[in-house]
Amino acid sequence: MPTIDRVVFGDNQFFGINHMSQEKALALAMRFHNLDDIFTVYQAAFDAGVRAVMLNSNDRAAAICARFRDRASQYPALAWYPSIPYPHKYANLVSEKGIMAAVNSVVFKDTGALAGLGKLAQGGLALVSRDIVQLAKMLIDAEMRMFRGLDVRVVFLQNVLTDLVLGLGVRDFFVEYTEHIRRKYGATPGLITQNLPLLRDRLQEWGVEGVVICASVNKIGYLMSPGREAYEQALADNNPARYPVMAMSTLASGAIPAPEAYDYINRLNLQSIVFGASSRSNIEQTLRCISPQPLTAKVQLQ
Amino acid sequence: MIINTLNVGVVGAGRMGLTHHSIMNTLPGVKVTAVADPSGAVTSLLEKYAGVRAYKDHREMIEREQLAAILLCTPPAHNYEILRHTLERGLHVFVEKPFLLSSAQAGEMARLYDERKLVNQVGYVNRFNDVFTRARQLARDGLLGKVLRFRSEMFSGTIVREQEQSNWRATHVNGGGAVYEMASHAIDLINYLFGTPDRVEGTSLTRVFSRDVEDIVSSCLFFRSGLAGTLYVNWSDESYRKPTNKLEIFGDRGKILADQHGMKVFVREASPAHGFTAGWNDVYITDVFSNVPFYLRGIEFTAQLDDFVRCIRSGEPPRCSFADAAATIRVVEQLFSNHTAITGGLN
């Protein structure tokens, strides 16, 4: 039976992502320009007891994965929580080429054996709608290539995609995604969302279970649609064996001091927390604040 | 209270069409029932998986479906003809920016839709950003004293390679280029804050990777009141992870530096009413954000469609009407003619 880690170390700080301030984001991007600086922070997290890592499949992640693979003996055994895809890559490609050509360029790049299928994306209407499921799986596999050889526990879909498809109301997408992740990667499917109450309700209606939901949860209700009260209600009546919840943005990008933030978080029905920090002292402080359960505690899934 | 379900059709199934479709579908009392796009590749998938009816031709969709409103997300060169049709059918319309490519057509549509009392809105989404609306309010409250100068800038890494010709974005005729697609946002922000500038000077449009359209836009904008400012837009700047607007407003009592995520406010004297001390003050998005019923790619897209629906139900005017967008197109035309007068064409 699969389990998830209570505490997962996130990656936003490494890639110039800060939802509160573009200035802070730029400063972070500059600080972590060099891979060695990223690994210094990882080492601090490992020293503090962290054994699980979330990493988005962006253009720098491949090099991070490669180092973890190549120097495996230097690091503790890690549980991996990849998130796919890197949305901005697609956003720019779609602006440049249009939707189908963008898909084409991602799926068929570096996959010589599949090059013949390139025709598929060039607009054959019947072909596209018949093979869209296959095409989506190929996109997932293209994103997952960089994580090969790592111990992948949960594969998360980025919120921009989860929420787009959630709004469109495409049940089949969630069914196919969750099955593909289980079958092909032997991992638990995960969905990142900024709309936890709606997503959880729809998944229940659709009978899609055994999915880790990762969502912003914080005291000020930031990035929590439709609002904090709806989240608290949804969490209170949530069955964690069916939909374990991993909280992100617990500090609301730094707007809430850690002790105050986790005083709120620790009262909620949350199974896991992903947090990012870029200094040893912040990592240690956050870990002290996260509920008294041991860091290595695992939550069993159905 | 019983609210009649609002049936909505989406024209154009590109990135913005899909985004608006998804958001609209989650708003209370609203249902997207049909989509139209001539390519058919994406709409046939939506028909199969998202339970909407798909059309290749928007006219057929409008004739066959019982729609109250349309979300128009097509390249702008198509919009005039489509808007004439939706006007005849009495539909409320939300149009993606830049709306239309000529101020004459834009002004005409603004007048006709207002006469028919149809809600008409354009997707200049910065008007729904919580930081920019707060900055506007602070300026209007007189916090900065008399406003004398501004800078409105926008950056992204959208076009960072040599461009193929096939894309509609590659020509001005179709509404492509950094002026229509990005500078329009930065201009609309100026219009929203200060009204429409009276004069455009010193325009420079420069190619970096595109062949027939500009990638960099700079210009100076003047108001009769003495207010003046600069516009600088660059969509070939790879150092930006995502599109970013920046705004600087200088007045004789203070200034504001703002982007979508926060602002720094400098005031010469403390303003307890606004919670500001003398000198620098930080305002983060986490201080001013509002929640929306559904989040996709930021809160702004949902906030603007929520406003569109609210205006349909209440009859109130939208925050960004066709007339507002027509004013932006007038400035765009001035940019092009000013640049041509200076250089005779693209640099």
# chains A, B, ... in the order shown; residues from 1 in each chain; ligands from 1
>>> interface_residues(of="chain B", to="chain A", cutoff="8 Å", atoms="only C-alpha atoms", output="number ranges by chain")
B: 14-15, 18-19, 21-26, 40-41, 44-45, 49-50, 157-159, 163, 167, 169, 241-242, 259, 261-262, 284-286, 289, 291-297
>>> closest_atom_pairs(of="segment 229-311 of chain B", to="segment 201-224 of chain B", cutoff="12 Å", atoms="only C-alpha atoms", output="CSV")
residue,atom,partner,partner_atom,distance
B:Gly229,CA,B:Leu221,CA,5.3
B:Thr230,CA,B:Cys220,CA,4.5
B:Leu231,CA,B:Ser219,CA,5.1
B:Tyr232,CA,B:Ser218,CA,4.4
B:Val233,CA,B:Val217,CA,5.0
B:Asn234,CA,B:Ile216,CA,4.4
B:Trp235,CA,B:Asp215,CA,5.8
B:Ser236,CA,B:Asp215,CA,6.2
B:Asp237,CA,B:Ile216,CA,9.3
B:Glu238,CA,B:Val208,CA,11.9
>>> closest_residue(among="B:Ser184, B:Ser239, B:Ser103, B:Asn7", to="Leu71 of chain B", atoms="only C-alpha atoms")
B:Asn7
>>> select_by_dssp(residues="segment 86-284 of chain B", states="strand (DSSP E or B)", output="PyMOL selection string")
chain B and resi 92-95+120-122+147-155+157+199-206+216-222+228-234+236+244-251+254-259+262-267+271+276+279-284
